[in-house]
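Below is data16.cif, which holds mmCIF, N, CA and C atoms.
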data_upload
#
loop_
_atom_site.label_atom_id
_atom_site.label_comp_id
_atom_site.auth_asym_id
_atom_site.auth_seq_id
_atom_site.Cartn_x
_atom_site.Cartn_y
_atom_site.Cartn_z
N MET A 476 99.05 98.00 70.23
CA MET A 476 98.89 99.30 70.86
C MET A 476 98.57 99.11 72.34
N LEU A 477 99.21 99.89 73.19
CA LEU A 477 98.92 99.86 74.62
C LEU A 477 97.72 100.74 74.91
N THR A 478 96.89 100.30 75.84
CA THR A 478 95.69 101.03 76.23
C THR A 478 95.73 101.24 77.74
N LYS A 479 95.30 102.43 78.19
CA LYS A 479 95.26 102.72 79.62
C LYS A 479 94.31 101.75 80.32
N CYS A 480 94.72 101.27 81.47
CA CYS A 480 93.87 100.39 82.28
C CYS A 480 92.86 101.25 83.02
N GLY A 481 91.62 100.88 82.95
CA GLY A 481 90.59 101.61 83.67
C GLY A 481 90.75 101.45 85.16
N GLY A 482 90.77 102.54 85.89
CA GLY A 482 90.84 102.49 87.34
C GLY A 482 92.23 102.32 87.92
N ILE A 483 93.24 102.10 87.08
CA ILE A 483 94.60 101.98 87.58
C ILE A 483 95.44 103.06 86.90
N PRO A 484 95.74 104.12 87.61
CA PRO A 484 96.51 105.19 86.96
C PRO A 484 97.91 104.73 86.59
N HIS A 485 98.41 105.22 85.48
CA HIS A 485 99.79 104.98 85.04
C HIS A 485 100.08 103.52 84.66
N GLU A 486 99.04 102.73 84.41
CA GLU A 486 99.26 101.37 83.94
C GLU A 486 98.50 101.16 82.63
N TYR A 487 99.06 100.27 81.79
CA TYR A 487 98.56 100.04 80.44
C TYR A 487 98.50 98.54 80.18
N TYR A 488 97.59 98.14 79.28
CA TYR A 488 97.52 96.73 78.89
C TYR A 488 97.69 96.62 77.38
N PHE A 489 98.01 95.39 76.94
CA PHE A 489 98.18 95.12 75.53
C PHE A 489 97.22 94.02 75.11
N GLY A 490 96.26 94.39 74.24
CA GLY A 490 95.36 93.41 73.62
C GLY A 490 94.52 92.64 74.60
N ASP A 491 93.83 91.66 74.10
CA ASP A 491 93.00 90.70 74.83
C ASP A 491 91.86 91.35 75.62
N PRO A 492 90.67 90.75 75.53
CA PRO A 492 89.52 91.22 76.30
C PRO A 492 89.77 91.01 77.80
N PRO A 493 89.03 91.72 78.65
CA PRO A 493 89.18 91.53 80.10
C PRO A 493 88.88 90.08 80.48
N GLY A 494 89.47 89.63 81.60
CA GLY A 494 89.18 88.31 82.13
C GLY A 494 89.96 87.17 81.49
N ARG A 495 90.99 87.50 80.74
CA ARG A 495 91.77 86.46 80.07
C ARG A 495 93.21 86.46 80.56
N LEU A 496 93.71 85.27 80.85
CA LEU A 496 95.14 85.14 81.11
C LEU A 496 95.86 85.20 79.77
N GLN A 497 97.00 85.85 79.74
CA GLN A 497 97.72 86.05 78.49
C GLN A 497 98.93 85.12 78.42
N TYR A 498 98.76 83.97 77.76
CA TYR A 498 99.82 82.98 77.66
C TYR A 498 100.51 82.95 76.31
N LYS A 499 99.91 83.53 75.28
CA LYS A 499 100.37 83.26 73.92
C LYS A 499 100.62 84.51 73.10
N LYS A 500 101.36 85.45 73.65
CA LYS A 500 101.70 86.65 72.90
C LYS A 500 102.89 86.37 71.99
N GLU A 501 102.79 86.82 70.76
CA GLU A 501 103.88 86.67 69.81
C GLU A 501 104.95 87.73 70.10
N ILE A 502 106.21 87.33 69.99
CA ILE A 502 107.30 88.27 70.25
C ILE A 502 107.22 89.47 69.32
N ASN A 503 106.90 89.25 68.04
CA ASN A 503 106.86 90.39 67.11
C ASN A 503 105.75 91.37 67.45
N GLU A 504 104.65 90.91 68.05
CA GLU A 504 103.61 91.83 68.51
C GLU A 504 104.17 92.79 69.57
N LEU A 505 104.95 92.22 70.49
CA LEU A 505 105.48 93.00 71.60
C LEU A 505 106.62 93.92 71.17
N THR A 506 107.41 93.51 70.19
CA THR A 506 108.51 94.37 69.73
C THR A 506 108.02 95.51 68.86
N ASN A 507 106.79 95.42 68.38
CA ASN A 507 106.22 96.49 67.56
C ASN A 507 105.33 97.44 68.34
N LEU A 508 105.29 97.30 69.66
CA LEU A 508 104.46 98.18 70.48
C LEU A 508 104.91 99.63 70.38
N THR A 509 103.95 100.53 70.34
CA THR A 509 104.21 101.95 70.50
C THR A 509 104.04 102.26 71.98
N ILE A 510 105.09 102.76 72.60
CA ILE A 510 105.07 103.02 74.04
C ILE A 510 104.66 104.47 74.28
N PRO A 511 103.59 104.69 75.04
CA PRO A 511 103.16 106.07 75.30
C PRO A 511 104.07 106.77 76.31
N ASP A 512 104.00 108.08 76.34
CA ASP A 512 104.67 108.85 77.39
C ASP A 512 103.75 108.87 78.61
N ASP A 513 104.33 108.77 79.78
CA ASP A 513 103.56 108.85 81.01
C ASP A 513 104.42 109.52 82.06
N ILE A 514 103.85 110.44 82.78
CA ILE A 514 104.59 111.23 83.77
C ILE A 514 105.19 110.36 84.86
N ASP A 515 104.53 109.25 85.21
CA ASP A 515 105.01 108.34 86.25
C ASP A 515 105.33 107.00 85.61
N GLU A 516 106.47 106.93 84.94
CA GLU A 516 106.82 105.76 84.13
C GLU A 516 106.90 104.46 84.91
N LYS A 517 107.40 104.51 86.14
CA LYS A 517 107.57 103.28 86.91
C LYS A 517 106.39 102.97 87.81
N TYR A 518 105.64 103.98 88.24
CA TYR A 518 104.48 103.82 89.11
C TYR A 518 104.81 102.95 90.33
N GLY A 519 106.02 103.13 90.87
CA GLY A 519 106.44 102.42 92.07
C GLY A 519 107.05 101.05 91.82
N PHE A 520 107.08 100.59 90.59
CA PHE A 520 107.64 99.27 90.27
C PHE A 520 109.14 99.39 90.03
N GLU A 521 109.86 98.35 90.46
CA GLU A 521 111.30 98.27 90.28
C GLU A 521 111.65 96.88 89.75
N LEU A 522 112.76 96.78 89.06
CA LEU A 522 113.24 95.46 88.66
C LEU A 522 113.46 94.62 89.91
N CYS A 523 113.20 93.32 89.81
CA CYS A 523 113.44 92.45 90.96
C CYS A 523 114.20 91.21 90.51
N GLU A 524 114.57 90.41 91.47
CA GLU A 524 115.41 89.24 91.20
C GLU A 524 114.71 88.23 90.31
N HIS A 525 115.42 87.80 89.29
CA HIS A 525 114.95 86.71 88.44
C HIS A 525 115.46 85.42 89.06
N SER A 526 114.59 84.75 89.80
CA SER A 526 114.99 83.56 90.55
C SER A 526 113.95 82.46 90.37
N ALA A 527 114.34 81.24 90.74
CA ALA A 527 113.40 80.12 90.68
C ALA A 527 112.21 80.38 91.61
N GLU A 528 112.49 80.98 92.77
CA GLU A 528 111.42 81.29 93.72
C GLU A 528 110.41 82.26 93.12
N ASN A 529 110.88 83.35 92.52
CA ASN A 529 109.97 84.31 91.91
C ASN A 529 109.25 83.73 90.70
N LEU A 530 109.91 82.87 89.96
CA LEU A 530 109.26 82.22 88.82
C LEU A 530 108.07 81.40 89.29
N LYS A 531 108.22 80.64 90.38
CA LYS A 531 107.11 79.85 90.92
C LYS A 531 105.97 80.74 91.41
N ARG A 532 106.28 81.95 91.81
CA ARG A 532 105.26 82.89 92.29
C ARG A 532 104.42 83.46 91.15
N THR A 533 104.86 83.26 89.93
CA THR A 533 104.15 83.86 88.80
C THR A 533 103.50 82.84 87.86
N ILE A 534 103.85 81.58 87.97
CA ILE A 534 103.28 80.58 87.06
C ILE A 534 102.00 80.02 87.66
N PRO A 535 100.87 80.20 86.98
CA PRO A 535 99.61 79.63 87.48
C PRO A 535 99.67 78.11 87.53
N HIS A 536 99.06 77.53 88.54
CA HIS A 536 98.99 76.08 88.68
C HIS A 536 97.81 75.60 87.83
N THR A 537 98.03 75.52 86.51
CA THR A 537 96.99 75.13 85.55
C THR A 537 97.58 74.16 84.54
N GLN A 538 96.77 73.81 83.57
CA GLN A 538 97.25 72.94 82.50
C GLN A 538 98.20 73.66 81.55
N GLN A 539 98.34 74.97 81.67
CA GLN A 539 99.22 75.75 80.81
C GLN A 539 100.69 75.63 81.23
N ASN A 540 100.94 74.90 82.31
CA ASN A 540 102.33 74.78 82.76
C ASN A 540 103.21 74.27 81.63
N GLY A 541 104.40 74.81 81.57
CA GLY A 541 105.34 74.42 80.53
C GLY A 541 106.74 74.69 81.03
N ASP A 542 107.64 74.87 80.12
CA ASP A 542 109.02 75.18 80.44
C ASP A 542 109.20 76.69 80.28
N TRP A 543 109.14 77.42 81.37
CA TRP A 543 109.12 78.87 81.34
C TRP A 543 110.45 79.48 81.75
N LYS A 544 110.74 80.63 81.16
CA LYS A 544 111.95 81.40 81.47
C LYS A 544 111.52 82.85 81.68
N ILE A 545 112.07 83.50 82.70
CA ILE A 545 111.74 84.90 82.95
C ILE A 545 112.45 85.78 81.92
N ILE A 546 111.66 86.62 81.25
CA ILE A 546 112.22 87.65 80.38
C ILE A 546 112.38 88.93 81.18
N LEU A 547 111.33 89.26 81.92
CA LEU A 547 111.31 90.49 82.71
C LEU A 547 110.37 90.31 83.89
N MET A 548 110.79 90.84 85.04
CA MET A 548 109.96 90.82 86.22
C MET A 548 110.20 92.11 87.00
N MET A 549 109.09 92.78 87.34
CA MET A 549 109.16 94.00 88.14
C MET A 549 108.24 93.82 89.35
N GLN A 550 108.59 94.51 90.44
CA GLN A 550 107.86 94.34 91.70
C GLN A 550 107.53 95.69 92.31
N LYS A 551 106.37 95.70 92.99
CA LYS A 551 105.95 96.88 93.76
C LYS A 551 105.52 96.36 95.12
N ASN A 552 106.01 96.99 96.19
CA ASN A 552 105.67 96.59 97.55
C ASN A 552 104.95 97.76 98.21
N VAL A 553 103.70 97.54 98.59
CA VAL A 553 102.91 98.57 99.26
C VAL A 553 102.41 97.99 100.57
N ASP A 554 103.03 98.42 101.68
CA ASP A 554 102.63 97.97 103.01
C ASP A 554 102.62 96.44 103.13
N GLY A 555 103.63 95.79 102.57
CA GLY A 555 103.76 94.34 102.68
C GLY A 555 103.02 93.55 101.61
N ILE A 556 102.18 94.23 100.84
CA ILE A 556 101.51 93.57 99.72
C ILE A 556 102.41 93.73 98.50
N ILE A 557 102.83 92.60 97.94
CA ILE A 557 103.77 92.62 96.82
C ILE A 557 103.03 92.27 95.54
N TRP A 558 103.28 93.07 94.52
CA TRP A 558 102.75 92.82 93.19
C TRP A 558 103.92 92.53 92.26
N LEU A 559 103.84 91.45 91.50
CA LEU A 559 104.84 91.13 90.49
C LEU A 559 104.21 91.24 89.11
N LYS A 560 104.88 91.94 88.22
CA LYS A 560 104.50 92.01 86.80
C LYS A 560 105.56 91.20 86.06
N SER A 561 105.13 90.22 85.29
CA SER A 561 106.09 89.29 84.68
C SER A 561 105.80 89.05 83.21
N ALA A 562 106.87 88.94 82.46
CA ALA A 562 106.83 88.45 81.09
C ALA A 562 107.67 87.18 81.08
N LEU A 563 107.05 86.08 80.71
CA LEU A 563 107.71 84.78 80.73
C LEU A 563 107.73 84.20 79.32
N LEU A 564 108.84 83.59 78.95
CA LEU A 564 108.97 82.95 77.65
C LEU A 564 108.71 81.46 77.81
N ASN A 565 107.77 80.94 77.03
CA ASN A 565 107.55 79.50 76.99
C ASN A 565 108.58 78.94 76.03
N LYS A 566 109.54 78.19 76.57
CA LYS A 566 110.65 77.69 75.76
C LYS A 566 110.20 76.64 74.74
N ASN A 567 109.03 76.07 74.93
CA ASN A 567 108.52 75.08 73.98
C ASN A 567 107.82 75.72 72.78
N THR A 568 107.11 76.82 73.02
CA THR A 568 106.32 77.44 71.96
C THR A 568 106.93 78.73 71.42
N GLY A 569 107.82 79.35 72.20
CA GLY A 569 108.38 80.63 71.81
C GLY A 569 107.44 81.79 72.03
N LYS A 570 106.32 81.55 72.71
CA LYS A 570 105.33 82.60 73.00
C LYS A 570 105.59 83.18 74.39
N VAL A 571 105.04 84.38 74.60
CA VAL A 571 105.27 85.11 75.84
C VAL A 571 103.97 85.16 76.66
N ALA A 572 104.10 84.90 77.95
CA ALA A 572 102.99 85.05 78.90
C ALA A 572 103.19 86.36 79.65
N LEU A 573 102.11 87.09 79.85
CA LEU A 573 102.11 88.35 80.60
C LEU A 573 101.22 88.15 81.81
N LEU A 574 101.79 88.23 83.02
CA LEU A 574 101.06 87.85 84.22
C LEU A 574 101.30 88.82 85.37
N THR A 575 100.27 89.01 86.18
CA THR A 575 100.36 89.76 87.43
C THR A 575 100.11 88.79 88.57
N SER A 576 101.02 88.77 89.55
CA SER A 576 100.80 87.92 90.72
C SER A 576 100.99 88.75 91.98
N THR A 577 100.45 88.22 93.08
CA THR A 577 100.52 88.92 94.36
C THR A 577 100.56 87.92 95.51
N ASN A 578 101.06 88.40 96.63
CA ASN A 578 101.09 87.59 97.85
C ASN A 578 99.83 87.83 98.69
N ASN A 579 98.84 88.54 98.15
CA ASN A 579 97.65 88.89 98.91
C ASN A 579 96.39 88.65 98.08
N LYS A 580 95.84 87.45 98.19
CA LYS A 580 94.65 87.07 97.43
C LYS A 580 93.46 87.98 97.74
N THR A 581 93.30 88.35 99.01
CA THR A 581 92.18 89.19 99.42
C THR A 581 92.23 90.54 98.70
N ASN A 582 93.41 91.12 98.61
CA ASN A 582 93.54 92.41 97.95
C ASN A 582 93.17 92.31 96.47
N LEU A 583 93.57 91.25 95.83
CA LEU A 583 93.25 91.04 94.42
C LEU A 583 91.75 90.87 94.23
N GLU A 584 91.11 90.09 95.07
CA GLU A 584 89.69 89.80 94.91
C GLU A 584 88.80 90.94 95.38
N ARG A 585 89.34 91.86 96.17
CA ARG A 585 88.57 93.02 96.62
C ARG A 585 88.13 93.88 95.44
N THR A 586 88.90 93.85 94.38
CA THR A 586 88.56 94.62 93.19
C THR A 586 87.87 93.74 92.14
N ASN A 587 87.19 92.69 92.62
CA ASN A 587 86.43 91.75 91.79
C ASN A 587 87.31 90.95 90.84
N GLY A 588 88.60 90.85 91.15
CA GLY A 588 89.49 90.03 90.34
C GLY A 588 89.39 88.57 90.75
N ARG A 589 89.46 87.69 89.77
CA ARG A 589 89.52 86.27 90.07
C ARG A 589 90.98 85.89 90.21
N SER A 590 91.24 84.84 90.96
CA SER A 590 92.63 84.46 91.18
C SER A 590 92.83 82.98 90.86
N VAL A 591 94.09 82.67 90.53
CA VAL A 591 94.51 81.30 90.27
C VAL A 591 95.75 81.06 91.12
N LYS A 592 95.79 79.94 91.84
CA LYS A 592 96.97 79.62 92.63
C LYS A 592 98.18 79.46 91.72
N THR A 593 99.33 79.78 92.27
CA THR A 593 100.57 79.61 91.53
C THR A 593 101.27 78.33 91.96
N LEU A 594 102.34 77.99 91.28
CA LEU A 594 103.13 76.82 91.67
C LEU A 594 103.72 76.99 93.06
N ASP A 595 103.87 78.24 93.49
CA ASP A 595 104.38 78.55 94.83
C ASP A 595 103.40 78.08 95.91
N GLY A 596 102.11 78.14 95.63
CA GLY A 596 101.10 77.71 96.58
C GLY A 596 100.58 78.81 97.48
N GLU A 597 101.40 79.81 97.77
CA GLU A 597 100.99 80.92 98.64
C GLU A 597 100.58 82.15 97.83
N TRP A 598 101.11 82.28 96.65
CA TRP A 598 100.85 83.43 95.78
C TRP A 598 99.72 83.09 94.81
N VAL A 599 99.10 84.14 94.26
CA VAL A 599 98.05 83.96 93.26
C VAL A 599 98.33 84.86 92.06
N VAL A 600 97.82 84.42 90.92
CA VAL A 600 97.88 85.20 89.69
C VAL A 600 96.49 85.74 89.43
N GLY A 601 96.42 86.99 89.04
CA GLY A 601 95.13 87.56 88.65
C GLY A 601 94.67 86.95 87.34
N HIS A 602 93.42 86.50 87.30
CA HIS A 602 92.87 85.89 86.10
C HIS A 602 92.30 87.00 85.21
N TYR A 603 93.23 87.78 84.66
CA TYR A 603 92.87 88.89 83.78
C TYR A 603 94.08 89.30 82.97
N ARG A 604 93.84 90.15 81.98
CA ARG A 604 94.97 90.66 81.19
C ARG A 604 95.84 91.51 82.10
N MET A 605 97.12 91.53 81.81
CA MET A 605 98.07 92.24 82.66
C MET A 605 98.11 93.72 82.33
N CYS A 606 98.06 94.53 83.37
CA CYS A 606 98.31 95.97 83.27
C CYS A 606 99.67 96.22 83.90
N ALA A 607 100.44 97.11 83.30
CA ALA A 607 101.78 97.40 83.82
C ALA A 607 102.16 98.83 83.45
N PRO A 608 103.11 99.39 84.20
CA PRO A 608 103.55 100.76 83.90
C PRO A 608 104.38 100.81 82.62
N VAL A 609 104.53 102.01 82.09
CA VAL A 609 105.29 102.24 80.86
C VAL A 609 106.70 101.65 80.94
N ALA A 610 107.35 101.78 82.09
CA ALA A 610 108.71 101.26 82.24
C ALA A 610 108.78 99.76 81.97
N PHE A 611 107.75 99.02 82.36
CA PHE A 611 107.70 97.58 82.11
C PHE A 611 107.66 97.32 80.60
N TRP A 612 106.74 97.99 79.92
CA TRP A 612 106.57 97.77 78.47
C TRP A 612 107.82 98.17 77.70
N ARG A 613 108.43 99.26 78.07
CA ARG A 613 109.65 99.71 77.37
C ARG A 613 110.79 98.71 77.58
N GLU A 614 110.97 98.26 78.82
CA GLU A 614 112.04 97.31 79.11
C GLU A 614 111.77 95.96 78.43
N LEU A 615 110.53 95.52 78.42
CA LEU A 615 110.19 94.27 77.75
C LEU A 615 110.50 94.35 76.27
N LYS A 616 110.09 95.42 75.64
CA LYS A 616 110.36 95.60 74.21
C LYS A 616 111.86 95.58 73.94
N ASN A 617 112.62 96.29 74.74
CA ASN A 617 114.08 96.33 74.55
C ASN A 617 114.72 94.96 74.76
N ARG A 618 114.27 94.23 75.77
CA ARG A 618 114.86 92.90 76.01
C ARG A 618 114.54 91.95 74.86
N LEU A 619 113.33 92.03 74.34
CA LEU A 619 112.97 91.17 73.22
C LEU A 619 113.75 91.54 71.95
N LEU A 620 113.96 92.83 71.76
CA LEU A 620 114.68 93.28 70.58
C LEU A 620 116.19 93.00 70.66
N TYR A 621 116.77 93.16 71.84
CA TYR A 621 118.23 93.18 71.93
C TYR A 621 118.84 92.09 72.81
N SER A 622 118.02 91.29 73.52
CA SER A 622 118.60 90.29 74.43
C SER A 622 118.28 88.86 74.06
N ILE A 623 117.14 88.62 73.47
CA ILE A 623 116.72 87.23 73.22
C ILE A 623 117.10 86.84 71.81
#
Could you quickly redo this structure as structure tokens?
Amino acid sequence: MLTKCGGIPHEYYFGDPPGRLQYKKEINELTNLTIPDDIDEKYGFELCEHSAENLKRTIPHTQQNGDWKIILMMQKNVDGIIWLKSALLNKNTGKVALLTSTNNKTNLERTNGRSVKTLDGEWVVGHYRMCAPVAFWRELKNRLLYSI
């Protein structure tokens, strides 16, 4: 079940307590999500390029590194601050990682978020469960059901 994110209008999270990176979501959990209606489905996010460069911007530089493939990536640009919402498939485990990354560490930490450097080196991942707009969750569910 998706739950509204506190303090972030039009964004929702799936499972996991606050403060946890989400590396091990089962595909069947995500394909069984009930997607709520929301007046602002995209909340400014748009599909973005699935590229090696963007993949490096979303993978935390931790021991969790593996063989990752982008399932879905959406981006929001607000005054030069870019937010990426990503669902990545670990090709070794078959599990899905849900991650938020940004090119602005200060902006992330201003809201008491912890950050982890990415493989890119300039971008950071928020060390918390991912919140995303309804459009992200709907597209992720459809890609898992009909594309993978």
Resolved residues for the PyMOL selection byres (((chain A and resi 497 and name CA) around 9) and name CA) as a PyMOL selection string: chain A and resi 491+495-496+498-500+571-574+603-605
Close residues, His525 of chain A itself excluded, 7 Å, all atoms listed in the file, min 3 positions apart in chain, as a list in words: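 Using all atoms listed in the file, the neighbours found are Glu528, Asn529, Leu530, Ile545 and Met548 of chain A.
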Write out the residues from the selection above, keeping N, CA and C atoms, as a CSV table (one decimal), in the coordinates of the input.
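out26.csv, freshly written:
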chain,number,residue,atom,x,y,z
A,528,GLU,N,112.5,81.0,92.8
A,528,GLU,CA,111.4,81.3,93.7
A,528,GLU,C,110.4,82.3,93.1
A,529,ASN,N,110.9,83.4,92.5
A,529,ASN,CA,110.0,84.3,91.9
A,529,ASN,C,109.2,83.7,90.7
A,530,LEU,N,109.9,82.9,90.0
A,530,LEU,CA,109.3,82.2,88.8
A,530,LEU,C,108.1,81.4,89.3
A,545,ILE,N,112.1,83.5,82.7
A,545,ILE,CA,111.7,84.9,83.0
A,545,ILE,C,112.4,85.8,81.9
A,548,MET,N,110.8,90.8,85.0
A,548,MET,CA,110.0,90.8,86.2
A,548,MET,C,110.2,92.1,87.0
Near-His485 of chain A list (6 Å; all atoms listed in the file; drop same-chain fewer than 2 positions) as an NGL selection string: :A and (483 or 487 or 515 or 607-609)
Restricted to N, CA and C atoms, what would the selected residues look like written as a tab-separated table (two decimals), in the coordinates of the input?
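Written out: part08.tsv:
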chain	number	residue	atom	x	y	z
A	483	ILE	N	93.24	102.10	87.08
A	483	ILE	CA	94.60	101.98	87.58
A	483	ILE	C	95.44	103.06	86.90
A	487	TYR	N	99.06	100.27	81.79
A	487	TYR	CA	98.56	100.04	80.44
A	487	TYR	C	98.50	98.54	80.18
A	515	ASP	N	104.53	109.25	85.21
A	515	ASP	CA	105.01	108.34	86.25
A	515	ASP	C	105.33	107.00	85.61
A	607	ALA	N	100.44	97.11	83.30
A	607	ALA	CA	101.78	97.40	83.82
A	607	ALA	C	102.16	98.83	83.45
A	608	PRO	N	103.11	99.39	84.20
A	608	PRO	CA	103.55	100.76	83.90
A	608	PRO	C	104.38	100.81	82.62
A	609	VAL	N	104.53	102.01	82.09
A	609	VAL	CA	105.29	102.24	80.86
A	609	VAL	C	106.70	101.65	80.94
Explicit residues for the PyMOL selection byres ((chain A and resi 488) around 6) (as a PyMOL selection string): chain A and resi 476-480+486-487+489-490+605-607
Write out, as a PDB file, in the coordinates of the input, the residues just selected, with N, CA and C atoms.
ATOM      1  N   MET A 476      99.050  98.000  70.230  1.00  0.00           N
ATOM      2  CA  MET A 476      98.890  99.300  70.860  1.00  0.00           C
ATOM      3  C   MET A 476      98.570  99.110  72.340  1.00  0.00           C
ATOM      4  N   LEU A 477      99.210  99.890  73.190  1.00  0.00           N
ATOM      5  CA  LEU A 477      98.920  99.860  74.620  1.00  0.00           C
ATOM      6  C   LEU A 477      97.720 100.740  74.910  1.00  0.00           C
ATOM      7  N   THR A 478      96.890 100.300  75.840  1.00  0.00           N
ATOM      8  CA  THR A 478      95.690 101.030  76.230  1.00  0.00           C
ATOM      9  C   THR A 478      95.730 101.240  77.740  1.00  0.00           C
ATOM     10  N   LYS A 479      95.300 102.430  78.190  1.00  0.00           N
ATOM     11  CA  LYS A 479      95.260 102.720  79.620  1.00  0.00           C
ATOM     12  C   LYS A 479      94.310 101.750  80.320  1.00  0.00           C
ATOM     13  N   CYS A 480      94.720 101.270  81.470  1.00  0.00           N
ATOM     14  CA  CYS A 480      93.870 100.390  82.280  1.00  0.00           C
ATOM     15  C   CYS A 480      92.860 101.250  83.020  1.00  0.00           C
ATOM     16  N   GLU A 486      99.040 102.730  84.410  1.00  0.00           N
ATOM     17  CA  GLU A 486      99.260 101.370  83.940  1.00  0.00           C
ATOM     18  C   GLU A 486      98.500 101.160  82.630  1.00  0.00           C
ATOM     19  N   TYR A 487      99.060 100.270  81.790  1.00  0.00           N
ATOM     20  CA  TYR A 487      98.560 100.040  80.440  1.00  0.00           C
ATOM     21  C   TYR A 487      98.500  98.540  80.180  1.00  0.00           C
ATOM     22  N   PHE A 489      98.010  95.390  76.940  1.00  0.00           N
ATOM     23  CA  PHE A 489      98.180  95.120  75.530  1.00  0.00           C
ATOM     24  C   PHE A 489      97.220  94.020  75.110  1.00  0.00           C
ATOM     25  N   GLY A 490      96.260  94.390  74.240  1.00  0.00           N
ATOM     26  CA  GLY A 490      95.360  93.410  73.620  1.00  0.00           C
ATOM     27  C   GLY A 490      94.520  92.640  74.600  1.00  0.00           C
ATOM     28  N   MET A 605      97.120  91.530  81.810  1.00  0.00           N
ATOM     29  CA  MET A 605      98.070  92.240  82.660  1.00  0.00           C
ATOM     30  C   MET A 605      98.110  93.720  82.330  1.00  0.00           C
ATOM     31  N   CYS A 606      98.060  94.530  83.370  1.00  0.00           N
ATOM     32  CA  CYS A 606      98.310  95.970  83.270  1.00  0.00           C
ATOM     33  C   CYS A 606      99.670  96.220  83.900  1.00  0.00           C
ATOM     34  N   ALA A 607     100.440  97.110  83.300  1.00  0.00           N
ATOM     35  CA  ALA A 607     101.780  97.400  83.820  1.00  0.00           C
ATOM     36  C   ALA A 607     102.160  98.830  83.450  1.00  0.00           C
TER      37      ALA A 607
END
Point-to-point distance in Å for atom CA of Cys523 of chain A and atom CA of Lys570 of chain A: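 These two atoms are separated by 22.0 Å.
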For atom N of Val553 of chain A and atom N of Arg613 of chain A, the interatomic separation in Å (one decimal):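 Between atom N of Val553 of chain A and atom N of Arg613 of chain A the gap works out to 21.1 Å.
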Could you pull out the helix (DSSP H, G or I) residues of segment 491-586 of chain A from DSSP and send them as a PDB file with N, CA and C atoms, in the coordinates of the input?
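Below is the file that was written, states27.pdb:
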ATOM      1  N   ILE A 502     106.210  87.330  69.990  1.00  0.00           N
ATOM      2  CA  ILE A 502     107.300  88.270  70.250  1.00  0.00           C
ATOM      3  C   ILE A 502     107.220  89.470  69.320  1.00  0.00           C
ATOM      4  N   ASN A 503     106.900  89.250  68.040  1.00  0.00           N
ATOM      5  CA  ASN A 503     106.860  90.390  67.110  1.00  0.00           C
ATOM      6  C   ASN A 503     105.750  91.370  67.450  1.00  0.00           C
ATOM      7  N   GLU A 504     104.650  90.910  68.050  1.00  0.00           N
ATOM      8  CA  GLU A 504     103.610  91.830  68.510  1.00  0.00           C
ATOM      9  C   GLU A 504     104.170  92.790  69.570  1.00  0.00           C
ATOM     10  N   LEU A 505     104.950  92.220  70.490  1.00  0.00           N
ATOM     11  CA  LEU A 505     105.480  93.000  71.600  1.00  0.00           C
ATOM     12  C   LEU A 505     106.620  93.920  71.170  1.00  0.00           C
ATOM     13  N   THR A 506     107.410  93.510  70.190  1.00  0.00           N
ATOM     14  CA  THR A 506     108.510  94.370  69.730  1.00  0.00           C
ATOM     15  C   THR A 506     108.020  95.510  68.860  1.00  0.00           C
ATOM     16  N   ALA A 527     114.340  81.240  90.740  1.00  0.00           N
ATOM     17  CA  ALA A 527     113.400  80.120  90.680  1.00  0.00           C
ATOM     18  C   ALA A 527     112.210  80.380  91.610  1.00  0.00           C
ATOM     19  N   GLU A 528     112.490  80.980  92.770  1.00  0.00           N
ATOM     20  CA  GLU A 528     111.420  81.290  93.720  1.00  0.00           C
ATOM     21  C   GLU A 528     110.410  82.260  93.120  1.00  0.00           C
ATOM     22  N   ASN A 529     110.880  83.350  92.520  1.00  0.00           N
ATOM     23  CA  ASN A 529     109.970  84.310  91.910  1.00  0.00           C
ATOM     24  C   ASN A 529     109.250  83.730  90.700  1.00  0.00           C
ATOM     25  N   LEU A 530     109.910  82.870  89.960  1.00  0.00           N
ATOM     26  CA  LEU A 530     109.260  82.220  88.820  1.00  0.00           C
ATOM     27  C   LEU A 530     108.070  81.400  89.290  1.00  0.00           C
ATOM     28  N   LYS A 531     108.220  80.640  90.380  1.00  0.00           N
ATOM     29  CA  LYS A 531     107.110  79.850  90.920  1.00  0.00           C
ATOM     30  C   LYS A 531     105.970  80.740  91.410  1.00  0.00           C
ATOM     31  N   ARG A 532     106.280  81.950  91.810  1.00  0.00           N
ATOM     32  CA  ARG A 532     105.260  82.890  92.290  1.00  0.00           C
ATOM     33  C   ARG A 532     104.420  83.460  91.150  1.00  0.00           C
ATOM     34  N   THR A 533     104.860  83.260  89.930  1.00  0.00           N
ATOM     35  CA  THR A 533     104.150  83.860  88.800  1.00  0.00           C
ATOM     36  C   THR A 533     103.500  82.840  87.860  1.00  0.00           C
ATOM     37  N   LYS A 580      95.840  87.450  98.190  1.00  0.00           N
ATOM     38  CA  LYS A 580      94.650  87.070  97.430  1.00  0.00           C
ATOM     39  C   LYS A 580      93.460  87.980  97.740  1.00  0.00           C
ATOM     40  N   THR A 581      93.300  88.350  99.010  1.00  0.00           N
ATOM     41  CA  THR A 581      92.180  89.190  99.420  1.00  0.00           C
ATOM     42  C   THR A 581      92.230  90.540  98.700  1.00  0.00           C
ATOM     43  N   ASN A 582      93.410  91.120  98.610  1.00  0.00           N
ATOM     44  CA  ASN A 582      93.540  92.410  97.950  1.00  0.00           C
ATOM     45  C   ASN A 582      93.170  92.310  96.470  1.00  0.00           C
ATOM     46  N   LEU A 583      93.570  91.250  95.830  1.00  0.00           N
ATOM     47  CA  LEU A 583      93.250  91.040  94.420  1.00  0.00           C
ATOM     48  C   LEU A 583      91.750  90.870  94.230  1.00  0.00           C
ATOM     49  N   GLU A 584      91.110  90.090  95.070  1.00  0.00           N
ATOM     50  CA  GLU A 584      89.690  89.800  94.910  1.00  0.00           C
ATOM     51  C   GLU A 584      88.800  90.940  95.380  1.00  0.00           C
ATOM     52  N   ARG A 585      89.340  91.860  96.170  1.00  0.00           N
ATOM     53  CA  ARG A 585      88.570  93.020  96.620  1.00  0.00           C
ATOM     54  C   ARG A 585      88.130  93.880  95.440  1.00  0.00           C
TER      55      ARG A 585
END
